[in-house]
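Report on one structure; see the data block that follows.
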Amino acid sequence: MSEKIKFEQVSKTFKVRDPQKKNAIREFTAVKDLEFTVKDGEFLVIVGPSGCGKSTLLDMLGGLIKPTTGRILLNGTPIHGPGLERGIVFQQYALFPWKTALANIEFGLEAKGVSKKEKQEKAREYLALVGLSEFAYRYPHELSGGMKQRVAIARSLAYDPEVLLMDEPFAALDAQTRESLQEELLQIWEKTKKTIVFITHGIDEAVFLGQRVAVMTSRPGTLKEMIDISFDSRTGEEDLRSTPEFTGARHEVWTLLREEVNKTHYKENVTV
Amino acid sequence: MNTEKTISIPMKPARSLTVFPLQTFKYVFKKTIIILLFALIWEVAPRLGWVDAVFLPPLSEVLVAWLELLRSGDLFTHFSASITRSFLGFILALAIAIPLGLLIGWYPIVHELFSPILELFRNTAALALLPVFILILGIGETSKVAIILFACLWPLLLNTINAVRNVDPLLIKCAKSMNLTPFQLFYKVIIPASIPTIFTGIRLAGTSSILVLIAAEMVGAKEGLGFFISYTQFNFQIAEMYAGIVTISLLGLLLNQFLITLERRFSRWKSV
């Protein structure tokens with residue numbers, strides 16, 4: 001498998017207002033010295049304590065913000081802005097409320113500039129992929145949370161990006177919906193062979209979905225450890241979550257994260 | 001399962017036959033009872049001598065006067081004069097305020113430059129400027145249309161600016177991630193997302209267009225409903241005066257209803 005994405009010493013600092021001194025600006029380091037690669041067709045999950053810069057990382061990968069230092073390579077060339085070879089799925093769905101489910105999926109295709117006929121066919125195809133063909137003409141407010149996220153996933157897949165970036169996409173859903181969407185996502189991944197970078201704060205989710213799980217440190221976020229998860233197939237019938245391999249991997253991630261969460265608590269207690 | 005079905009099928013038409021008219025009756029009753037009561041008091045109060053019948057003729061007399069005015073064509077002359085002015089001022093305000101508002105809302109620098117003067121003007125009662133408009137533009141149609149334009153401008157402008165500035169940042173982020181050009185972003189995301197709030201401004205402007213119109217016509221005009229009301233008052237045609245007032249109420253209602261219908265047409269996607 002070839003390298004798809006490469007982070008080279010990526011750091012990002014923001015200028016923020018100092019809460020202690022009025023009108024003073026201070027630097028705030030969100031992520032620091034990130035260095036890792038994502039292989040072509042890989043499902044990588046990034047997990048970390050809250051506020052560790054996971055979303056900053058994804059925004060940089062999406063080309064929405066620029067790294068302060070270092071660079072991110074996609075297929076060997078540095079990322080300079082957003083592009084249709086990367087699709088982002090947001091936690092809050094970000095569906096356009098004035099468009100029907102179908103029209104939302106067509107939206108990304110419009111940006112790509114395909115013919116009207118192809119646009120409609122593609123949108124129908126991806127709506128069917130997420131099992132929502134009957135809901136083509138529903139507006140987002142008429143759909144449940146799980147359905148909205150399905151539409152959002154279909155929208156990102158429809159313009160056929162090479163990489164799918166997912167920013168805690170299932171965090172706002174109830175447990176049952178989350179589990180079935182996780183399974184569906186794995187099926188889609190196996191069918192489409194996309195490279196997926198998935199961000200979450202859920203350990204179970206990370207272990208269940210990821211081929212590799214990147215554990216991040218607390219702020220300033222950097223890569224703490226990369227863990228290989230070695231299950232053969234995740235889409236089988238049996239309850240993967242109760243196998244010893246799963247529990248073992250889960251415990252490993254849990255222990256790593258635990259240290260970071262404790263550090264954050266300690267820091268907060270000291271500064272306050 | 002089977003019995004449930006056989007029960008539920010005959011129930012449905014039975015419900016719609018008996019309960020539905022009762023529901024309709026209740027609905028109509030709730031919507032009209034207070035208005036009917038008001039009409040009744042208007043009719044009875046002068047007849048029983050609670051108020052002076054010279055200054056408040058019974059409703060029936062007002063209605064007779066109204067029908068007479070309708071038959072003679074006087075009412076139509078004044079009505080059309082008024083509605084032409086109001087419509088002209090309103091349309092001109094739309095044509096100016098919406099593009100300008102979109103611009104001010106979109107470019108932060110333009111907003112910073114314009115917001116102090118906008119604050120100043122919107123807090124200046126349009127009618128306070130009526131003498132100025134008459135001095136500069138004379139007593140003819142121009143000054144009347146101009147004052148209506150002025151009064152409509154501010155609610156439209158402020159709502160349009162707010163609409164643009166309050167578009168969900170996530171939708172903008174999402175559109176940017178799909179590599180939309182700034183122009184595409186504007187007309188595919190910003191404008192559709194702004195429409196509901198812009199319509200609030202349109203309705204407010206509709207209301208103030210009638211309000212200012214009547215006042216302007218009372219000050220100096222040879223026709224129009226405002227003129228008609230003050231003219232009949234001077235000539236002590238009290239029943240006719242009330243007929244004029246009723247017509248204005250109807251005009252206001254009609255305009256508002258029209259705008260609501262239009263609003264629904266354009267924001268069907270909004271949850272109720």
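Going by the structure tokens order, chains are called A, B, ..., each with residues numbered from 1, while ligands are numbered from 1 in the order shown.
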
From stretch 10-100 of chain A, collect each residue whose DSSP state is alpha helix (DSSP H) and return the set as a PyMOL selection string. chain A and resi 54-61

How would the residues just picked look written out with C-alpha atoms as a PDB file, in the first residue's frame?
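Saved file again26.pdb follows:
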```pdb
ATOM      1  CA  LYS A  54      -8.282  16.700  16.677  1.00  0.00           C
ATOM      2  CA  SER A  55     -10.550  19.029  14.761  1.00  0.00           C
ATOM      3  CA  THR A  56      -7.676  21.392  13.986  1.00  0.00           C
ATOM      4  CA  LEU A  57      -5.849  18.447  12.468  1.00  0.00           C
ATOM      5  CA  LEU A  58      -8.825  17.578  10.300  1.00  0.00           C
ATOM      6  CA  ASP A  59      -9.384  21.192   9.232  1.00  0.00           C
ATOM      7  CA  MET A  60      -5.783  21.358   8.074  1.00  0.00           C
ATOM      8  CA  LEU A  61      -6.172  18.110   6.201  1.00  0.00           C
TER       9      LEU A  61
END
```

Counting only C-alpha atoms, which residues of chain A fall within 12 Å of chain B, and what is the closest atom pair for each with its distance in Å at one decimal, ordered by chain and rising number, as a tab-separated table?
```
residue	atom	partner	partner_atom	distance
A:Leu58	CA	B:Ser177	CA	11.2
A:Asp59	CA	B:Ser177	CA	9.1
A:Met60	CA	B:Ser177	CA	10.8
A:Leu61	CA	B:Ser177	CA	10.3
A:Gly62	CA	B:Ser177	CA	6.5
A:Gly63	CA	B:Ser177	CA	7.3
A:Leu64	CA	B:Ser177	CA	6.7
A:Ile65	CA	B:Ser177	CA	10.5
A:His80	CA	B:Asn179	CA	11.6
A:Gly81	CA	B:Asn179	CA	8.1
A:Pro82	CA	B:Ser177	CA	5.2
A:Gly83	CA	B:Asn179	CA	5.2
A:Leu84	CA	B:Met178	CA	5.7
A:Glu85	CA	B:Met178	CA	9.1
A:Arg86	CA	B:Ser177	CA	8.0
A:Gly87	CA	B:Met178	CA	7.2
A:Ile88	CA	B:Ser177	CA	6.9
A:Val89	CA	B:Cys174	CA	8.4
A:Phe90	CA	B:Cys174	CA	8.0
A:Gln91	CA	B:Leu170	CA	10.0
A:Gln92	CA	B:Leu170	CA	8.2
A:Tyr93	CA	B:Leu170	CA	8.9
A:Ala94	CA	B:Leu171	CA	5.4
A:Leu95	CA	B:Leu171	CA	7.2
A:Phe96	CA	B:Leu171	CA	6.9
A:Pro97	CA	B:Trp269	CA	6.5
A:Trp98	CA	B:Trp269	CA	5.1
A:Lys99	CA	B:Trp269	CA	7.3
A:Thr100	CA	B:Trp269	CA	8.2
A:Ala101	CA	B:Trp269	CA	11.3
A:Ala103	CA	B:Lys188	CA	12.0
A:Asn104	CA	B:Ala175	CA	11.1
A:Ile105	CA	B:Met178	CA	11.9
A:Glu106	CA	B:Met178	CA	11.9
A:Phe107	CA	B:Ala175	CA	9.0
A:Gly108	CA	B:Met178	CA	6.3
A:Leu109	CA	B:Met178	CA	9.2
A:Glu110	CA	B:Leu180	CA	9.5
A:Ala111	CA	B:Leu180	CA	6.3
A:Lys112	CA	B:Met178	CA	8.5
A:Gly113	CA	B:Leu180	CA	11.0
A:Tyr137	CA	B:Trp269	CA	10.8
A:Arg138	CA	B:Trp269	CA	9.0
A:Tyr139	CA	B:Trp269	CA	6.1
A:Pro140	CA	B:Trp269	CA	8.2
A:His141	CA	B:Ser271	CA	6.1
A:Glu142	CA	B:Ser271	CA	7.9
A:Leu143	CA	B:Ser271	CA	11.1
A:Ala152	CA	B:Cys174	CA	10.3
A:Arg155	CA	B:Met178	CA	10.3
A:Ser156	CA	B:Met178	CA	8.8
A:Leu157	CA	B:Met178	CA	11.6
A:Ala158	CA	B:Met178	CA	11.6
A:Tyr159	CA	B:Met178	CA	9.2
A:Asp160	CA	B:Met178	CA	11.5
A:Pro161	CA	B:Met178	CA	10.1
A:Leu164	CA	B:Ser177	CA	11.6
A:Leu165	CA	B:Ser177	CA	10.6
A:Asp167	CA	B:Cys174	CA	11.9
```

Tell me, in Å to one decimal, how far atom CA of A:Ser50 is from atom CA of A:Gly221. 10.1 Å

Distance in Å - atom CA of B:Ile248 versus atom CA of B:Pro196: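 Atom-to-atom, atom CA of B:Ile248 and atom CA of B:Pro196 are spaced 27.1 Å apart.
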
In Å, rounded to a single decimal, give me how far atom CA of A:Arg124 is from atom CA of A:Leu44.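 Going from atom CA of A:Leu44 over to atom CA of A:Arg124, I get 28.3 Å.
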
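For the set B:Tyr231, B:Ser143, B:Leu211, B:Ile202, the residue with the smallest atom-to-atom gap to B:Ala125 is B:Leu211, counting only C-alpha atoms.
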
Extract, using only C-alpha atoms, all DNA, RNA and protein residues at most 12 Å from A:Lys263, discarding same-chain residues fewer than 6 positions from it, and format them as a VMD selection string. chain A and resid 49 52 217 to 220 256 to 257 269 to 270

Write out as JSON, numbers by chain the residues lying within 12 Å of B:Ser249, counting only C-alpha atoms and excluding same-chain residues fewer than 4 positions away. {"B": [79, 207, 210, 211, 214, 225, 226, 242, 243, 244, 245, 253, 254, 255, 256]}

Step one, run DSSP on the backbone; step two, keep only residues of stretch 91-180 of chain A assigned to strand (DSSP E or B); then write them as a PyMOL selection string. chain A and resi 163-167

Looking at A:Glu190, A:Glu121, A:Glu162, A:Glu168, which one is nearest to A:Ile5, with distances taken over only C-alpha atoms?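 Of the candidates, the smallest distance to A:Ile5 is held by A:Glu162.
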